[in-house]
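The file structure09.cif comes next; it holds mmCIF, C-alpha atoms and all ligand atoms.
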data_target
loop_
_atom_site.label_atom_id
_atom_site.label_comp_id
_atom_site.auth_asym_id
_atom_site.auth_seq_id
_atom_site.Cartn_x
_atom_site.Cartn_y
_atom_site.Cartn_z
CA MET A 75 131.19 139.51 42.38
CA ALA A 76 129.79 141.22 39.31
CA ARG A 77 127.17 143.03 41.34
CA ALA A 78 129.64 144.10 44.04
CA LEU A 79 132.10 145.38 41.41
CA ALA A 80 129.37 147.29 39.57
CA GLU A 81 128.14 148.79 42.85
CA GLY A 82 131.74 149.84 43.51
CA GLY A 83 131.78 151.79 40.24
CA ALA A 84 133.48 149.31 37.89
CA GLU A 85 132.74 149.22 34.19
CA LEU A 86 132.40 145.49 33.58
CA TYR A 87 133.56 143.42 30.63
CA THR A 88 132.67 139.80 31.26
CA VAL A 89 133.61 136.42 29.88
CA MET A 90 131.07 133.69 30.55
CA LYS A 91 130.29 130.26 29.17
CA ASN A 92 126.49 130.47 29.42
CA ARG A 93 124.38 133.57 29.02
CA ASN A 94 123.87 134.67 32.63
CA PRO A 95 121.08 137.27 32.61
CA GLY A 96 122.13 138.95 35.87
CA ILE A 97 125.76 139.48 34.88
CA ARG A 98 124.88 140.38 31.29
CA ARG A 99 122.73 143.29 32.50
CA LEU A 100 125.53 144.60 34.73
CA SER A 101 128.14 144.42 31.96
CA GLU A 102 129.10 146.93 29.27
CA ASP A 103 129.92 143.98 27.06
CA VAL A 104 130.01 140.20 27.26
CA LEU A 105 132.09 137.52 25.52
CA LEU A 106 130.56 134.05 25.38
CA ALA A 107 133.51 131.68 25.58
CA SER A 108 134.97 128.87 27.61
CA GLU A 109 136.59 130.27 30.75
CA THR A 110 139.61 128.01 30.22
CA ASP A 111 140.33 129.33 26.71
CA ILE A 112 142.79 131.73 28.28
CA GLU A 113 144.21 133.05 24.98
CA LYS A 114 140.73 134.15 23.97
CA VAL A 115 140.06 135.72 27.37
CA ALA A 116 143.38 137.61 27.26
CA LEU A 117 142.75 138.85 23.72
CA TYR A 118 139.33 140.11 24.78
CA ALA A 119 140.85 141.86 27.82
CA ARG A 120 143.39 143.61 25.56
CA MET A 121 140.75 144.60 23.02
CA LYS A 122 138.62 146.15 25.75
CA ALA A 123 141.63 147.82 27.43
CA VAL A 124 140.75 146.11 30.69
CA GLU A 125 142.69 147.48 33.69
CA LEU A 126 141.92 144.95 36.40
CA ALA A 127 140.84 141.30 36.21
CA CYS A 128 138.76 139.37 38.75
CA VAL A 129 138.32 135.64 38.33
CA GLY A 130 135.33 133.68 39.64
CA PRO A 131 136.01 129.97 39.11
CA GLU A 132 139.10 127.82 39.68
CA ALA A 133 139.54 126.24 36.24
CA PRO A 134 141.01 129.35 34.54
CA LEU A 135 143.38 129.84 37.50
CA GLU A 136 144.71 126.33 36.94
CA ALA A 137 144.97 127.02 33.21
CA GLY A 138 147.25 130.01 33.94
CA LEU A 139 144.94 132.90 33.08
CA VAL A 140 146.45 135.23 35.68
CA ASP A 141 150.03 134.52 34.54
CA LEU A 142 149.04 135.36 30.97
CA LEU A 143 147.13 138.54 31.84
CA GLU A 144 149.94 139.81 34.07
CA LYS A 145 152.48 139.19 31.31
CA GLU A 146 150.36 141.53 29.20
CA GLY A 147 150.35 144.18 31.93
CA ILE A 148 146.83 143.61 33.25
CA ARG A 149 146.56 143.65 37.03
CA CYS A 150 144.77 140.71 38.64
CA ALA A 151 142.94 140.35 41.95
CA ALA A 152 143.45 136.60 41.68
CA PRO A 153 146.33 134.13 42.17
CA THR A 154 148.84 132.86 39.63
CA LYS A 155 148.78 129.24 38.58
CA ALA A 156 151.53 128.44 41.10
CA ALA A 157 149.73 130.10 44.03
CA ALA A 158 146.40 128.53 43.01
CA ARG A 159 147.93 125.08 43.62
CA LEU A 160 146.66 125.67 47.13
CA GLU A 161 143.30 124.63 45.65
CA THR A 162 144.19 122.76 42.48
CA SER A 163 146.43 120.19 44.20
CA LYS A 164 145.43 118.74 47.55
CA GLU A 165 148.89 117.14 47.67
CA PHE A 166 150.57 120.55 47.29
CA MET A 167 148.31 122.09 49.94
CA ARG A 168 148.98 119.34 52.50
CA SER A 169 152.73 119.30 51.86
CA LEU A 170 152.96 123.12 52.04
CA MET A 171 151.27 122.99 55.44
CA ALA A 172 153.68 120.26 56.58
CA ARG A 173 156.82 122.01 55.21
CA HIS A 174 155.97 125.15 57.16
CA ASN A 175 154.65 123.39 60.22
CA LEU A 176 151.38 125.31 59.93
CA PRO A 177 148.61 125.01 62.52
CA GLY A 178 145.33 123.28 61.53
CA ARG A 179 146.91 120.19 59.91
CA ILE A 180 145.43 116.71 59.83
CA GLU A 181 147.26 113.47 59.02
CA HIS A 182 147.40 112.60 55.34
CA TRP A 183 149.02 110.14 52.93
CA VAL A 184 149.35 110.22 49.13
CA PHE A 185 149.46 107.05 46.99
CA SER A 186 149.83 106.13 43.34
CA ASP A 187 150.08 102.38 43.88
CA ILE A 188 147.00 100.44 44.96
CA GLU A 189 149.12 97.78 46.73
CA GLU A 190 150.47 100.50 49.01
CA VAL A 191 146.91 101.62 49.71
CA ARG A 192 146.01 98.02 50.58
CA ARG A 193 148.95 97.76 53.02
CA PHE A 194 148.09 101.13 54.56
CA VAL A 195 144.43 100.23 55.03
CA SER A 196 145.31 96.90 56.65
CA VAL A 197 147.13 98.68 59.49
CA TYR A 198 145.21 101.99 59.81
CA ASN A 199 142.12 101.56 61.94
CA LYS A 200 140.62 105.05 62.11
CA GLY A 201 138.12 106.73 59.79
CA VAL A 202 139.43 108.29 56.58
CA ALA A 203 138.51 110.63 53.72
CA VAL A 204 139.56 109.44 50.26
CA LYS A 205 139.93 112.07 47.53
CA PRO A 206 141.63 112.70 44.20
CA VAL A 207 144.65 115.05 44.25
CA GLY A 208 143.17 117.38 41.61
CA LEU A 209 139.92 119.27 41.04
CA THR A 210 136.56 117.51 41.03
CA GLY A 211 134.18 120.35 41.91
CA GLY A 212 133.81 119.21 45.54
CA LYS A 213 132.28 115.91 44.45
CA GLY A 214 135.24 113.49 44.50
CA VAL A 215 135.42 112.90 48.26
CA LYS A 216 134.22 109.76 50.03
CA ILE A 217 134.30 109.28 53.78
CA THR A 218 134.26 106.42 56.28
CA GLY A 219 130.82 106.08 57.82
CA ASP A 220 129.11 107.87 54.91
CA GLN A 221 129.98 106.37 51.54
CA LEU A 222 132.73 104.03 52.75
CA LEU A 223 131.46 101.35 55.12
CA SER A 224 134.43 98.95 55.22
CA LYS A 225 138.17 98.76 54.54
CA ASP A 226 137.31 97.07 51.24
CA ASP A 227 135.24 100.12 50.28
CA VAL A 228 138.26 102.35 50.97
CA VAL A 229 140.50 100.24 48.73
CA ARG A 230 137.84 100.00 46.04
CA TYR A 231 137.29 103.77 45.88
CA ALA A 232 141.04 104.52 45.99
CA SER A 233 141.46 102.10 43.11
CA GLU A 234 138.70 103.85 41.14
CA VAL A 235 140.38 107.25 41.69
CA LEU A 236 143.69 105.82 40.44
CA ASP A 237 142.26 103.90 37.47
CA LYS A 238 140.02 106.69 36.24
CA LYS A 239 142.67 109.34 36.94
CA MET A 240 139.97 111.32 38.74
CA GLY A 241 140.97 114.98 39.08
CA GLY A 242 143.47 114.47 36.22
CA LEU A 243 146.17 112.38 37.95
CA SER A 244 146.63 108.77 38.95
CA ARG A 245 147.18 109.78 42.58
CA VAL A 246 144.95 109.54 45.60
CA VAL A 247 144.98 111.36 48.94
CA ILE A 248 143.85 109.57 52.09
CA GLU A 249 143.26 111.80 55.09
CA GLU A 250 142.34 111.25 58.67
CA LYS A 251 138.60 111.82 59.05
CA ALA A 252 138.06 115.00 61.05
CA GLU A 253 134.97 115.04 63.29
CA GLY A 254 133.04 118.20 64.04
CA GLU A 255 131.12 121.01 62.35
CA GLU A 256 132.38 122.63 59.17
CA PHE A 257 132.71 126.35 58.64
CA THR A 258 134.05 128.62 55.95
CA LEU A 259 136.31 131.57 56.59
CA GLN A 260 137.27 133.75 53.63
CA ALA A 261 139.77 136.60 53.54
CA PHE A 262 141.13 139.10 51.05
CA SER A 263 144.86 138.79 50.44
CA ASP A 264 147.38 140.99 48.66
CA GLY A 265 150.16 138.43 48.97
CA LYS A 266 151.18 139.61 52.44
CA ALA A 267 148.32 141.04 54.47
CA VAL A 268 144.95 139.37 54.91
CA ALA A 269 141.58 140.99 55.74
CA PRO A 270 138.87 138.62 56.98
CA MET A 271 135.21 138.29 56.02
CA PRO A 272 132.30 136.99 58.11
CA ALA A 273 132.27 133.21 58.81
CA VAL A 274 129.73 131.17 56.85
CA GLN A 275 128.38 127.63 57.05
CA ASP A 276 127.67 125.87 53.74
CA HIS A 277 125.63 122.69 53.22
CA LYS A 278 127.35 120.25 50.87
CA ARG A 279 124.83 117.43 50.96
CA ALA A 280 122.11 117.41 48.33
CA TRP A 281 119.11 116.67 50.56
CA GLU A 282 117.45 117.97 53.72
CA GLY A 283 118.92 116.80 57.03
CA ASP A 284 122.43 116.74 55.49
CA VAL A 285 122.03 113.45 53.66
CA GLY A 286 122.56 112.41 50.05
CA PRO A 287 125.43 112.99 47.63
CA ASN A 288 128.00 115.79 48.04
CA THR A 289 127.36 118.80 45.84
CA GLY A 290 129.03 122.12 45.14
CA GLY A 291 126.93 123.49 48.04
CA MET A 292 123.15 123.83 48.48
CA GLY A 293 123.02 126.97 50.58
CA SER A 294 124.66 128.78 53.45
CA TYR A 295 124.09 131.17 56.31
CA SER A 296 126.01 133.71 58.34
CA GLN A 297 125.30 135.32 61.71
CA GLN A 298 125.03 139.03 62.54
CA ASP A 299 128.20 139.02 64.70
CA HIS A 300 130.14 137.31 61.86
CA LEU A 301 130.57 134.17 63.99
CA LEU A 302 128.31 131.08 63.84
CA PRO A 303 125.99 129.54 66.45
CA PHE A 304 128.69 126.96 67.30
CA LEU A 305 131.81 129.03 66.59
CA THR A 306 133.52 131.21 69.21
CA ARG A 307 135.54 134.37 68.59
CA ALA A 308 138.74 132.54 69.60
CA GLU A 309 138.06 129.77 67.06
CA TYR A 310 137.33 132.32 64.33
CA ASP A 311 140.63 134.04 65.16
CA GLU A 312 142.46 130.70 65.01
CA GLY A 313 141.01 130.09 61.51
CA LEU A 314 142.26 133.51 60.46
CA ARG A 315 145.69 132.80 61.92
CA ILE A 316 145.88 129.59 59.83
CA ILE A 317 144.99 131.56 56.69
CA GLN A 318 147.60 134.26 57.48
CA ARG A 319 150.29 131.62 58.11
CA THR A 320 149.38 129.91 54.81
CA VAL A 321 149.65 133.21 52.92
CA ASP A 322 153.03 133.77 54.63
CA ALA A 323 154.18 130.28 53.58
CA LEU A 324 153.26 130.89 49.93
CA ALA A 325 155.09 134.24 49.99
CA ALA A 326 158.16 132.58 51.53
CA GLU A 327 158.20 130.05 48.66
CA GLY A 328 158.15 132.84 46.06
CA THR A 329 154.53 132.28 44.98
CA PRO A 330 152.57 135.00 46.82
CA PHE A 331 148.79 134.60 46.90
CA LYS A 332 146.72 137.56 45.69
CA GLY A 333 142.94 137.49 45.70
CA PRO A 334 140.17 136.12 47.83
CA ILE A 335 141.31 133.05 49.78
CA TYR A 336 138.84 130.53 51.14
CA GLY A 337 139.44 128.23 54.08
CA GLN A 338 137.12 125.28 54.62
CA PHE A 339 137.60 124.20 58.23
CA MET A 340 136.36 121.38 60.41
CA LEU A 341 135.87 122.68 63.91
CA THR A 342 137.04 119.68 65.95
CA ARG A 343 137.46 119.22 69.70
CA ASP A 344 141.09 120.29 69.09
CA GLY A 345 140.08 123.46 67.24
CA PRO A 346 139.82 124.28 63.52
CA LYS A 347 141.46 121.86 61.05
CA VAL A 348 141.88 122.59 57.33
CA ILE A 349 139.70 120.46 55.05
CA GLU A 350 140.54 122.41 51.93
CA PHE A 351 141.51 125.79 50.57
CA ASN A 352 139.98 127.47 47.57
CA ALA A 353 141.94 130.02 45.59
CA ARG A 354 138.83 132.15 45.06
CA PHE A 355 135.52 132.94 46.74
CA GLY A 356 133.40 130.02 47.87
CA ASP A 357 130.16 129.35 46.05
CA PRO A 358 127.61 129.96 47.65
CA GLU A 359 129.57 131.74 50.43
CA ALA A 360 130.44 134.70 48.18
CA MET A 361 126.76 135.60 48.10
CA ASN A 362 126.54 135.73 51.91
CA VAL A 363 129.55 137.95 52.45
CA LEU A 364 129.33 140.24 49.41
CA SER A 365 125.67 140.95 50.25
CA LEU A 366 126.97 142.41 53.54
CA MET A 367 130.01 144.29 52.30
CA GLU A 368 129.94 147.98 53.18
CA SER A 369 133.35 148.97 51.89
CA ASN A 370 133.91 149.38 48.17
CA PHE A 371 134.66 145.95 46.65
CA LEU A 372 136.35 147.47 43.61
CA ASP A 373 138.80 149.30 45.88
CA THR A 374 139.43 146.04 47.76
CA CYS A 375 140.19 144.25 44.46
CA GLU A 376 142.58 147.07 43.48
CA ALA A 377 144.29 146.64 46.85
CA MET A 378 144.56 142.84 46.45
CA ALA A 379 146.07 143.27 42.98
CA GLY A 380 148.40 146.08 43.94
CA GLY A 381 149.66 144.98 47.37
CA GLY A 382 147.95 147.78 49.25
CA LEU A 383 145.67 145.83 51.55
CA GLY A 384 147.73 146.32 54.71
CA GLY A 385 146.12 148.88 56.99
CA SER A 386 142.82 149.04 55.11
CA ARG A 387 140.00 147.09 56.71
CA SER A 388 136.97 145.90 54.83
CA SER A 389 133.75 146.41 56.69
CA PHE A 390 130.65 144.24 56.63
CA SER A 391 127.29 145.17 58.12
CA ASN A 392 126.23 143.44 61.33
CA LEU A 393 123.37 141.53 59.72
CA ALA A 394 122.68 137.83 59.19
CA THR A 395 122.25 136.14 55.80
CA VAL A 396 120.59 132.95 54.60
CA CYS A 397 121.26 131.79 51.04
CA LYS A 398 119.32 128.93 49.45
CA TYR A 399 120.25 127.61 46.07
CA VAL A 400 117.56 126.84 43.54
CA VAL A 401 118.87 123.78 41.66
CA PRO A 402 117.63 121.58 38.83
CA VAL A 403 115.50 118.59 39.81
CA GLY A 404 117.86 115.63 40.35
CA TYR A 405 120.93 117.83 41.06
CA GLY A 406 123.65 115.75 42.71
CA VAL A 407 122.58 112.60 40.87
CA SER A 408 121.38 113.54 37.39
CA SER A 409 120.20 117.11 36.77
CA LYS A 410 117.19 117.85 34.65
CA VAL A 411 118.57 120.33 32.11
CA GLY A 412 116.51 122.90 30.20
CA SER A 413 113.64 123.46 32.67
CA GLU A 414 112.37 127.02 32.61
CA ILE A 415 112.39 129.02 35.85
CA ALA A 416 110.15 132.07 35.89
CA VAL A 417 111.44 134.74 38.24
CA ASP A 418 109.51 137.76 39.48
CA GLU A 419 112.60 139.83 40.25
CA LYS A 420 110.70 142.88 41.53
CA ALA A 421 108.71 140.77 43.99
CA VAL A 422 111.94 139.10 45.24
CA GLU A 423 113.57 142.50 45.83
CA ALA A 424 110.40 143.75 47.54
CA GLU A 425 110.80 140.95 50.11
CA GLY A 426 114.20 142.42 51.03
CA ALA A 427 116.03 139.50 49.42
CA ARG A 428 118.78 139.39 46.81
CA LEU A 429 118.69 137.22 43.74
CA TYR A 430 121.85 136.00 42.03
CA TYR A 431 121.70 134.12 38.76
CA ALA A 432 124.24 131.28 38.68
CA ALA A 433 124.57 128.43 36.18
CA VAL A 434 121.50 129.25 34.10
CA ASN A 435 121.28 129.86 30.41
CA GLU A 436 119.13 132.63 28.92
CA LYS A 437 118.53 131.04 25.54
CA GLU A 438 116.18 133.84 24.47
CA PRO A 439 115.49 137.15 26.27
CA GLY A 440 113.56 136.59 29.47
CA LYS A 441 113.64 132.79 29.24
CA VAL A 442 115.87 131.36 31.97
CA LEU A 443 116.68 127.65 31.66
CA THR A 444 118.43 125.26 34.04
CA THR A 445 121.80 123.71 33.15
CA THR A 446 123.38 120.73 34.96
CA SER A 447 124.50 122.93 37.86
CA ARG A 448 123.04 125.26 40.49
CA ALA A 449 120.58 127.73 38.94
CA LEU A 450 120.09 130.73 41.22
CA GLY A 451 120.89 131.85 44.71
CA VAL A 452 118.33 133.65 46.83
CA VAL A 453 119.74 135.52 49.84
CA GLY A 454 117.70 136.86 52.73
CA VAL A 455 119.44 139.58 54.77
CA ALA A 456 118.08 140.62 58.19
CA GLY A 457 118.89 141.26 61.84
CA ASP A 458 119.27 137.59 62.77
CA ILE A 459 119.39 134.19 61.06
CA GLY A 460 115.71 133.46 61.75
CA ALA A 461 114.51 136.67 60.12
CA ALA A 462 116.93 136.23 57.19
CA GLU A 463 115.63 132.68 56.64
CA GLU A 464 112.05 133.97 56.53
CA ARG A 465 112.97 136.64 53.98
CA CYS A 466 114.69 134.05 51.84
CA GLU A 467 111.63 131.76 51.92
CA ASN A 468 109.24 134.63 51.17
CA ALA A 469 111.37 135.50 48.16
CA LEU A 470 111.50 131.88 46.95
CA ALA A 471 107.70 131.95 46.74
CA HIS A 472 108.07 134.31 43.75
CA LEU A 473 109.83 131.67 41.63
CA ARG A 474 107.89 129.32 39.37
CA GLY A 475 108.98 126.17 37.60
CA GLU A 476 110.45 122.74 38.21
CA PHE A 477 113.33 123.02 40.67
CA PHE A 478 114.61 121.80 44.04
CA VAL A 479 115.53 123.78 47.18
CA ARG A 480 116.82 122.61 50.56
CA HIS A 481 114.32 124.43 52.73
CA ASP A 482 115.93 123.26 55.99
CA ILE A 483 118.96 125.54 55.62
CA GLY A 484 119.02 128.22 58.34
CA ARG A 485 115.88 126.88 60.07
CA PRO A 486 115.94 126.89 63.91
CA GLU A 487 115.77 123.04 64.12
CA ALA A 488 118.76 122.69 61.80
CA LEU A 489 120.79 125.28 63.76
CA ARG A 490 119.94 123.60 67.04
CA LYS A 491 121.09 120.22 65.71
CA LYS A 492 124.43 121.69 64.66
CA ALA A 493 124.98 123.35 68.03
CA GLU A 494 124.14 120.07 69.81
CA HIS A 495 126.44 118.11 67.52
CA MET A 496 129.29 120.51 68.32
CA LYS A 497 128.57 120.20 72.04
CA ARG A 498 128.86 116.40 71.77
CA VAL A 499 132.11 116.73 69.78
CA ARG A 500 133.60 119.09 72.38
CA GLY A 501 132.57 116.79 75.20
CA ALA A 502 133.75 113.61 73.48
P1 LIG B 601 136.42 118.87 49.80
O1 LIG B 601 136.15 118.73 48.35
O2 LIG B 601 137.82 118.54 50.21
O3 LIG B 601 135.89 120.16 50.38
O4 LIG B 601 135.51 117.77 50.51
C1 LIG B 601 134.10 117.78 50.39
C2 LIG B 601 133.49 117.49 51.73
O5 LIG B 601 133.93 116.24 52.24
C3 LIG B 601 133.91 118.48 52.80
O6 LIG B 601 133.13 119.63 52.78
C4 LIG B 601 133.72 117.67 54.06
O7 LIG B 601 132.35 117.65 54.43
C5 LIG B 601 134.11 116.30 53.64
N1 LIG B 601 135.53 116.03 53.98
C6 LIG B 601 136.61 116.18 53.18
N2 LIG B 601 137.74 115.84 53.81
C7 LIG B 601 137.40 115.45 55.06
C8 LIG B 601 138.13 114.98 56.20
N3 LIG B 601 139.45 114.81 56.18
N4 LIG B 601 137.42 114.68 57.31
C9 LIG B 601 136.07 114.81 57.35
N5 LIG B 601 135.34 115.26 56.32
C10 LIG B 601 135.97 115.57 55.17
#

Do you think you could lay out the structure here as structure tokens?
Ligand code: AMP
Amino acid sequence: MARALAEGGAELYTVMKNRNPGIRRLSEDVLLASETDIEKVALYARMKAVELACVGPEAPLEAGLVDLLEKEGIRCAAPTKAAARLETSKEFMRSLMARHNLPGRIEHWVFSDIEEVRRFVSVYNKGVAVKPVGLTGGKGVKITGDQLLSKDDVVRYASEVLDKKMGGLSRVVIEEKAEGEEFTLQAFSDGKAVAPMPAVQDHKRAWEGDVGPNTGGMGSYSQQDHLLPFLTRAEYDEGLRIIQRTVDALAAEGTPFKGPIYGQFMLTRDGPKVIEFNARFGDPEAMNVLSLMESNFLDTCEAMAGGGLGGSRSSFSNLATVCKYVVPVGYGVSSKVGSEIAVDEKAVEAEGARLYYAAVNEKEPGKVLTTTSRALGVVGVAGDIGAAEERCENALAHLRGEFFVRHDIGRPEALRKKAEHMKRVRGA
């Protein structure tokens, strides 16, 4: 986002928790602070006479940063706390969809009493997904057939979510397990109109072959026609219709949604079903789409903040992208913090790839260290997925240090497996 805003002509003032070398270089000035210390962020924005705010992560949205900034007259290309409940409460999201009879729903139940869970499980015989109501960084979900192998496992995990108040509340959501291939569709919204971005497929599992623990996302790809190898134009359009209807529903309830909106869908044999919404860009998906954006991102943010998106269309180049995340050794289980990664930025750029620093810390100039989370994204951009994957790999060769990468992302074998899986799902 920082790069796209700077390329669009913005003068950047940035709040960040760790010293991110990429964003620091793009910024006029940087405040090192917790992103949820919203009073501090707002004071900084006033001091710097900031005109427009863009918000990367979800935690400050939940803390009410946008509400505070808007009260002080600063425009925001991001949702208020109430609108961000679309992401911050899975219970709110599911009940909003039910209240408005939106397409793309799956069956769901919410419990706060483990005895009720026990009774439910004794009569429900299909696969389920068990998740906390609140935010857990994409890591709080367990699913029948993966982590949950029996009805007892379902009860045990639901009980853990309730006891530990995972995601902040003693409430647990149990959903029907949706079968198919996942895809991400993001759109810009000004509260009324939505403008779509290319579809992307992320990889949540930590290890190659889509096994291992769920993570924030290990890498992602997009196709030159903005669809995916298993996703048709009609299915893409249906995803967009679900997003538009959701934006309409939030507006109808008096909490219009401004900013980038992210739909995580399961493409099932009955079409796209909503797995979750994010009230912001997806990570890593932002790197795929913003690397392709041809229209001015700053103008788009102004339009999202000011309600002027209708009629304008954002354009994205007809190229494919493959993004692989460089992560600390052990990421997903127990990350090795403080390993140095040496990056030859010029060599990466010379390969035709883009490098985005993520959760790294530049403790001293030029010394980039891992934190617990994903370190840097490398994005290959080219005419098709195969060529983009090669560019990404060639660029990765210019990084030195102790780290882990899922090399299978975007490889022909992996794409073929996904297409075959979807064929089986459709035929089932
Ligand atoms: P979430 O944090 O809701 O995105 O869930 C993390 C991951 O769990 C998703 O990306 C899916 O792979 C999986 N998942 C979540 N809910 C379901 C569901 N109802 N059916 C199947 N898979 C799910």

Can you list, as a list in words, every protein, DNA or RNA residue that comes within 6 Å of range 165-179 of chain A when you count only C-alpha atoms, leaving out same-chain residues fewer than 3 positions away?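 In the requested format, the answer is Leu160, Val207, Ile316, Pro346, Lys347 and Val348 of chain A.
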
Kindly export the residues of the current selection with C-alpha atoms, as a JSON list (two decimals), in the frame of the given file.
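out-v8.json, freshly written:
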[["chain", "number", "residue", "atom", "x", "y", "z"],
["A", 160, "LEU", "CA", 146.66, 125.67, 47.13],
["A", 207, "VAL", "CA", 144.65, 115.05, 44.25],
["A", 316, "ILE", "CA", 145.88, 129.59, 59.83],
["A", 346, "PRO", "CA", 139.82, 124.28, 63.52],
["A", 347, "LYS", "CA", 141.46, 121.86, 61.05],
["A", 348, "VAL", "CA", 141.88, 122.59, 57.33]]

Would you mind reading off the distance between CA of Tyr431 in chain A and CA of Arg448 in chain A, one decimal, in Å?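 Atom-to-atom, CA of Tyr431 in chain A and CA of Arg448 in chain A are spaced 9.1 Å apart.
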
Point-to-point distance in Å for CA of Val129 in chain A and CA of Ser296 in chain A: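 Those two atoms sit 23.6 Å apart.
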
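With distances restricted to all atoms listed in the file, A:Ala280 is the closest residue to Ser409 in chain A from A:Met367, A:Ile97, A:Ala280, A:Met496.
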
Which residue is closest to ligand LIG 601 (chain B)? Choose from A:Leu126, A:Met340, A:Leu105, A:Leu117 and count only C-alpha atoms and all ligand atoms.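 Of A:Leu126, A:Met340, A:Leu105, A:Leu117, the one nearest ligand LIG 601 (chain B) is A:Met340, counting only C-alpha atoms and all ligand atoms.
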
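The shell of residues at most 9 Å from range 182-184 of chain A, with only C-alpha atoms counted and near chain neighbours (fewer than 5 positions) removed, consists of Glu165, Arg168, Val191, Val207, Arg245, Val246, Val247, Ile248, Glu249 and Glu250 of chain A.
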
As number ranges by chain, please: every protein or nucleic acid residue near ligand LIG 601 (chain B) (cut-off 6 Å, counting only C-alpha atoms and all ligand atoms). A: 203, 212, 215, 249-252, 349-350

Would you mind listing what lies within 8 Å of Ala107 in chain A as a list in words, with only C-alpha atoms counted and same-chain residues fewer than 4 positions away left out? Val89, Met90, Lys91, Asp111, Lys114 and Val115 of chain A

Using all atoms listed in the file, which residue out of A:Glu190, A:Glu132, A:Asp264, A:Asp284 lies closest to Ala377 in chain A?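 Closest to Ala377 in chain A of all the choices is A:Asp264.
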
Computed interatomic separation between CA of Gly219 in chain A and CA of Lys200 in chain A (Å): 10.7 Å

Leaving out Val363 in chain A and any residue of its chain fewer than 3 positions from it, which residues lie within 8 Å of it when counting all atoms listed in the file, given as a count of residues only? 7

Extract, using only C-alpha atoms, all DNA, RNA and protein residues at most 12 Å from Lys492 in chain A, discarding same-chain residues fewer than 4 positions from it, and format them as a PyMOL selection string. chain A and resi 254-257+275+277+283-284+302-305+341+483-488+496-499

Selection above as a file: C-alpha atoms, as a CSV table (one decimal), in the frame of the given file:
chain,number,residue,atom,x,y,z
A,254,GLY,CA,133.0,118.2,64.0
A,255,GLU,CA,131.1,121.0,62.4
A,256,GLU,CA,132.4,122.6,59.2
A,257,PHE,CA,132.7,126.4,58.6
A,275,GLN,CA,128.4,127.6,57.0
A,277,HIS,CA,125.6,122.7,53.2
A,283,GLY,CA,118.9,116.8,57.0
A,284,ASP,CA,122.4,116.7,55.5
A,302,LEU,CA,128.3,131.1,63.8
A,303,PRO,CA,126.0,129.5,66.4
A,304,PHE,CA,128.7,127.0,67.3
A,305,LEU,CA,131.8,129.0,66.6
A,341,LEU,CA,135.9,122.7,63.9
A,483,ILE,CA,119.0,125.5,55.6
A,484,GLY,CA,119.0,128.2,58.3
A,485,ARG,CA,115.9,126.9,60.1
A,486,PRO,CA,115.9,126.9,63.9
A,487,GLU,CA,115.8,123.0,64.1
A,488,ALA,CA,118.8,122.7,61.8
A,496,MET,CA,129.3,120.5,68.3
A,497,LYS,CA,128.6,120.2,72.0
A,498,ARG,CA,128.9,116.4,71.8
A,499,VAL,CA,132.1,116.7,69.8

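Closest approach to Leu324 in chain A among A:Gly265, A:Gly382, A:Pro358, A:Gly286: A:Gly265, based on all atoms listed in the file.
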
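With only C-alpha atoms as the atoms that count, the residue of A:Met292, A:Ala353, A:Ile217, A:Val400 with the shortest distance to Leu135 in chain A is A:Ala353.
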
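Counting all atoms listed in the file, the residue from A:Ala80, A:Val229, A:Leu236, A:Leu470 that sits nearest to Pro206 in chain A is A:Leu236.
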
Using 5 Å of padding on each side, determine the axis-aligned box around all atoms of range 492-502 of chain A present in the file and give its centre and edge lengths in Å to one decimal, as AutoDock Vina command-line options.
--center_x 128.9 --center_y 118.5 --center_z 69.9 --size_x 19.6 --size_y 19.7 --size_z 20.5
